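**Student:** What follows is a single structure, and I will ask about it in a moment.
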Amino acid sequence: MLPFLLGLLLCSDVPVDTTDYAARRARMVREQIEARGVTHPGVLRAMRKVPRHLFVPEDQRPYAYHDFPLPIGYGQTISQPFIVAYMTALVAPEPSHRVLEIGTGSGYQAAVLAELVDTVYTIEIVPELAESAARRLADLGYTRVRVRQGDGYEGWAAHAPFDAIVVTAAAEHIPPPLIDQLKRGGRMVIPVGSPFRTQTLMLVEKDRRGRVTTQSLVPVRFVPFRRGG
Ligand code: SAH
């Protein structure tokens, strides 16, 4: 009996099969996301479902479910899984929502949002990233994500107003066009502060009468919000 039990104990330390990505995602959600207080059931479901390893370069795949951001080329990064889940839960996604994301990057945050809302509009300033994310999202069947290359500072007026806006690059200030394009009752989450330093994640809410309030939440580090594109 003892050797058998010992065998079981030892086995539990054997790393999971590297191809068992669903198990890795379940563990990521349990240990990195639920453990830090994200409880939104839809967000947890989406994080368990979206194949994050397919959004990172092949040499980064072994780390896709680890607790940190990863490089995706062109000096950009895919955010840490917890930050993606936290930001998604903050905008209180609903199945009827139309959401704007600024900073498509790999397309991962857009895919997570697409699991929860009706349509995602996402803008990326680096042409190569916009193109590869659009292709990846289409290949994975995310037909309700629209990717556009350009400077997201101006938002996407043709599809405004948005129920929610998620900005994944750090801006020095909240771009006024994004506030204008937020629906009444809508929420925006955006890292604000100097590039290459710690920034503050801000929640911007527009109430039913159009009044805007902001709240500082947690310190974060994002790549800089660029201009021009
Ligand atoms: N949401 C991404 C993470 C992206 S990192 C993901 O899930 O993978 C931030 C991205 O914002 C980078 O790809 C960067 O090129 C882009 N970016 C920076 N400034 C921008 C701007 N003004 N408009 C649109 N995209 C911008």
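A note on labels: chains of the structure tokens are A, B, ... as shown, every chain counts residues from 1, and ligands are counted from 1 in their shown order.
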With the cut-off set at 8 Å and counting only C-alpha atoms and all ligand atoms, tabulate each residue of chain A with an atom at most that distance from an atom of ligand 1, showing the nearest atom pair and its distance in Å to one decimal, ordered by chain and increasing number, as a Markdown table.

**Tutor:**
| residue | atom | partner | partner_atom_place_in_ligand_line | distance |
| --- | --- | --- | --- | --- |
| A:Phe55 | CA | ligand 1 | 8 (O) | 7.4 |
| A:Ile72 | CA | ligand 1 | 8 (O) | 7.6 |
| A:Tyr74 | CA | ligand 1 | 15 (O) | 7.6 |
| A:Gly75 | CA | ligand 1 | 15 (O) | 8.0 |
| A:Gln76 | CA | ligand 1 | 12 (C) | 5.1 |
| A:Thr77 | CA | ligand 1 | 5 (S) | 4.9 |
| A:Ile78 | CA | ligand 1 | 8 (O) | 3.8 |
| A:Ser79 | CA | ligand 1 | 3 (C) | 5.5 |
| A:Val84 | CA | ligand 1 | 7 (O) | 7.4 |
| A:Glu101 | CA | ligand 1 | 1 (N) | 7.6 |
| A:Ile102 | CA | ligand 1 | 24 (C) | 5.0 |
| A:Gly103 | CA | ligand 1 | 11 (O) | 3.2 |
| A:Thr104 | CA | ligand 1 | 1 (N) | 4.7 |
| A:Gly105 | CA | ligand 1 | 13 (O) | 3.4 |
| A:Ser106 | CA | ligand 1 | 8 (O) | 3.8 |
| A:Gly107 | CA | ligand 1 | 7 (O) | 5.0 |
| A:Tyr108 | CA | ligand 1 | 7 (O) | 3.9 |
| A:Gln109 | CA | ligand 1 | 7 (O) | 3.8 |
| A:Ala110 | CA | ligand 1 | 7 (O) | 6.4 |
| A:Ile123 | CA | ligand 1 | 24 (C) | 5.0 |
| A:Glu124 | CA | ligand 1 | 25 (N) | 3.7 |
| A:Ile125 | CA | ligand 1 | 25 (N) | 4.1 |
| A:Val126 | CA | ligand 1 | 15 (O) | 5.1 |
| A:Leu129 | CA | ligand 1 | 13 (O) | 6.6 |
| A:Gln149 | CA | ligand 1 | 24 (C) | 7.4 |
| A:Gly150 | CA | ligand 1 | 24 (C) | 5.9 |
| A:Asp151 | CA | ligand 1 | 23 (N) | 3.8 |
| A:Gly152 | CA | ligand 1 | 23 (N) | 3.6 |
| A:Tyr153 | CA | ligand 1 | 22 (N) | 5.3 |
| A:Val167 | CA | ligand 1 | 1 (N) | 7.7 |
| A:Thr168 | CA | ligand 1 | 9 (C) | 5.0 |
| A:Ala169 | CA | ligand 1 | 9 (C) | 4.5 |
| A:Ala170 | CA | ligand 1 | 18 (C) | 7.8 |
| A:Phe222 | CA | ligand 1 | 5 (S) | 7.0 |
| A:Val223 | CA | ligand 1 | 9 (C) | 5.8 |
| A:Pro224 | CA | ligand 1 | 18 (C) | 5.9 |
| A:Phe225 | CA | ligand 1 | 19 (N) | 3.6 |
| A:Arg226 | CA | ligand 1 | 19 (N) | 3.8 |
| A:Arg227 | CA | ligand 1 | 22 (N) | 4.9 |
| A:Gly228 | CA | ligand 1 | 22 (N) | 7.0 |
| A:Gly229 | CA | ligand 1 | 22 (N) | 6.9 |

**Student:** Next, the residues of the selection above should be written as a PDB file, in the first residue's frame with C-alpha atoms.

**Tutor:**
ATOM      1  CA  PHE A  55      -1.748  33.580 -30.225  1.00  0.00           C
ATOM      2  CA  ILE A  72       4.748  38.796 -29.864  1.00  0.00           C
ATOM      3  CA  TYR A  74       7.664  44.243 -33.216  1.00  0.00           C
ATOM      4  CA  GLY A  75       8.533  45.139 -29.606  1.00  0.00           C
ATOM      5  CA  GLN A  76       4.969  44.329 -28.459  1.00  0.00           C
ATOM      6  CA  THR A  77       3.599  41.892 -25.895  1.00  0.00           C
ATOM      7  CA  ILE A  78       0.526  39.789 -25.174  1.00  0.00           C
ATOM      8  CA  SER A  79      -0.659  40.698 -21.656  1.00  0.00           C
ATOM      9  CA  VAL A  84      -6.716  40.044 -19.717  1.00  0.00           C
ATOM     10  CA  GLU A 101     -10.446  47.406 -28.403  1.00  0.00           C
ATOM     11  CA  ILE A 102      -7.384  49.587 -29.033  1.00  0.00           C
ATOM     12  CA  GLY A 103      -4.194  47.538 -29.494  1.00  0.00           C
ATOM     13  CA  THR A 104      -5.085  44.255 -31.207  1.00  0.00           C
ATOM     14  CA  GLY A 105      -1.562  42.832 -30.832  1.00  0.00           C
ATOM     15  CA  SER A 106      -1.920  39.070 -31.140  1.00  0.00           C
ATOM     16  CA  GLY A 107      -5.740  39.203 -31.164  1.00  0.00           C
ATOM     17  CA  TYR A 108      -6.001  37.270 -27.886  1.00  0.00           C
ATOM     18  CA  GLN A 109      -7.882  39.905 -25.876  1.00  0.00           C
ATOM     19  CA  ALA A 110     -10.226  40.376 -28.844  1.00  0.00           C
ATOM     20  CA  ILE A 123      -7.553  48.630 -34.029  1.00  0.00           C
ATOM     21  CA  GLU A 124      -3.817  47.925 -34.286  1.00  0.00           C
ATOM     22  CA  ILE A 125      -1.182  50.453 -35.308  1.00  0.00           C
ATOM     23  CA  VAL A 126       1.528  47.966 -36.483  1.00  0.00           C
ATOM     24  CA  LEU A 129       0.389  42.649 -36.333  1.00  0.00           C
ATOM     25  CA  GLN A 149      -4.954  48.928 -38.994  1.00  0.00           C
ATOM     26  CA  GLY A 150      -4.458  52.491 -37.768  1.00  0.00           C
ATOM     27  CA  ASP A 151      -4.059  54.828 -34.812  1.00  0.00           C
ATOM     28  CA  GLY A 152      -6.721  53.972 -32.252  1.00  0.00           C
ATOM     29  CA  TYR A 153      -6.550  57.446 -30.669  1.00  0.00           C
ATOM     30  CA  VAL A 167      -7.354  49.935 -24.343  1.00  0.00           C
ATOM     31  CA  THR A 168      -4.295  47.680 -24.126  1.00  0.00           C
ATOM     32  CA  ALA A 169      -1.491  50.234 -24.622  1.00  0.00           C
ATOM     33  CA  ALA A 170      -0.517  52.855 -22.022  1.00  0.00           C
ATOM     34  CA  PHE A 222       1.795  48.159 -20.703  1.00  0.00           C
ATOM     35  CA  VAL A 223       3.641  48.958 -23.911  1.00  0.00           C
ATOM     36  CA  PRO A 224       3.288  52.619 -24.984  1.00  0.00           C
ATOM     37  CA  PHE A 225       0.307  53.976 -26.870  1.00  0.00           C
ATOM     38  CA  ARG A 226       1.847  55.218 -30.110  1.00  0.00           C
ATOM     39  CA  ARG A 227       0.585  57.991 -32.329  1.00  0.00           C
ATOM     40  CA  GLY A 228       0.456  58.416 -36.052  1.00  0.00           C
ATOM     41  CA  GLY A 229      -0.086  54.980 -37.618  1.00  0.00           C
TER      42      GLY A 229
END

**Student:** What's the 12 Å shell around A:Arg61, counting only C-alpha atoms, without same-chain residues fewer than 5 positions away, as a list of chain:residue names?

**Tutor:** A:Thr18, A:Thr19, A:Tyr21, A:Arg24, A:Pro51, A:Arg52, A:His53, A:Leu54, A:Phe55, A:Val56, A:His66, A:Leu70, A:Pro71, A:Ile72

**Student:** Between atom CA of A:Thr88 and atom CA of A:Leu113, what is the spacing in Å?

**Tutor:**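 Between atom CA of A:Leu113 and atom CA of A:Thr88 the gap works out to 6.8 Å.
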
**Student:** Can you measure atom CA of A:Tyr63 to atom CA of A:Lys49 for me? One decimal in Å is fine.

**Tutor:**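 Interatomic distance, atom CA of A:Tyr63 to atom CA of A:Lys49: 16.9 Å.
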
**Student:** When DSSP is applied to the backbone of this structure, which of stretch 8-109 of chain A are assigned helix (DSSP H, G or I)? Write them out as an MDAnalysis selection string.

**Tutor:** chainID A and resid 8:11 21:36 41:49 52:55 58:63 81:90 108:109

**Student:** Find the residues around A:Ile165 up to 6 Å (only C-alpha atoms counted), leave out those fewer than 5 positions away in its own chain, and share them as a PyMOL selection string.

**Tutor:** chain A and resi 99-101+188

**Student:** Write a file of the just-selected residues containing C-alpha atoms, as a PDB file, in the first residue's frame.

**Tutor:**
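Once written, selection_12.pdb looks like this:
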ATOM      1  CA  VAL A  99     -16.926  46.514 -27.914  1.00  0.00           C
ATOM      2  CA  LEU A 100     -13.974  48.542 -29.163  1.00  0.00           C
ATOM      3  CA  GLU A 101     -10.446  47.406 -28.403  1.00  0.00           C
ATOM      4  CA  MET A 188     -13.846  51.836 -20.582  1.00  0.00           C
TER       5      MET A 188
END

**Student:** From the options A:Ser216, A:Lys183, A:Val147, A:Met47, which residue's atoms come nearest to A:Pro127, counting only C-alpha atoms?

**Tutor:**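 Going through A:Ser216, A:Lys183, A:Val147, A:Met47 one by one, the smallest distance to A:Pro127 is for A:Val147.
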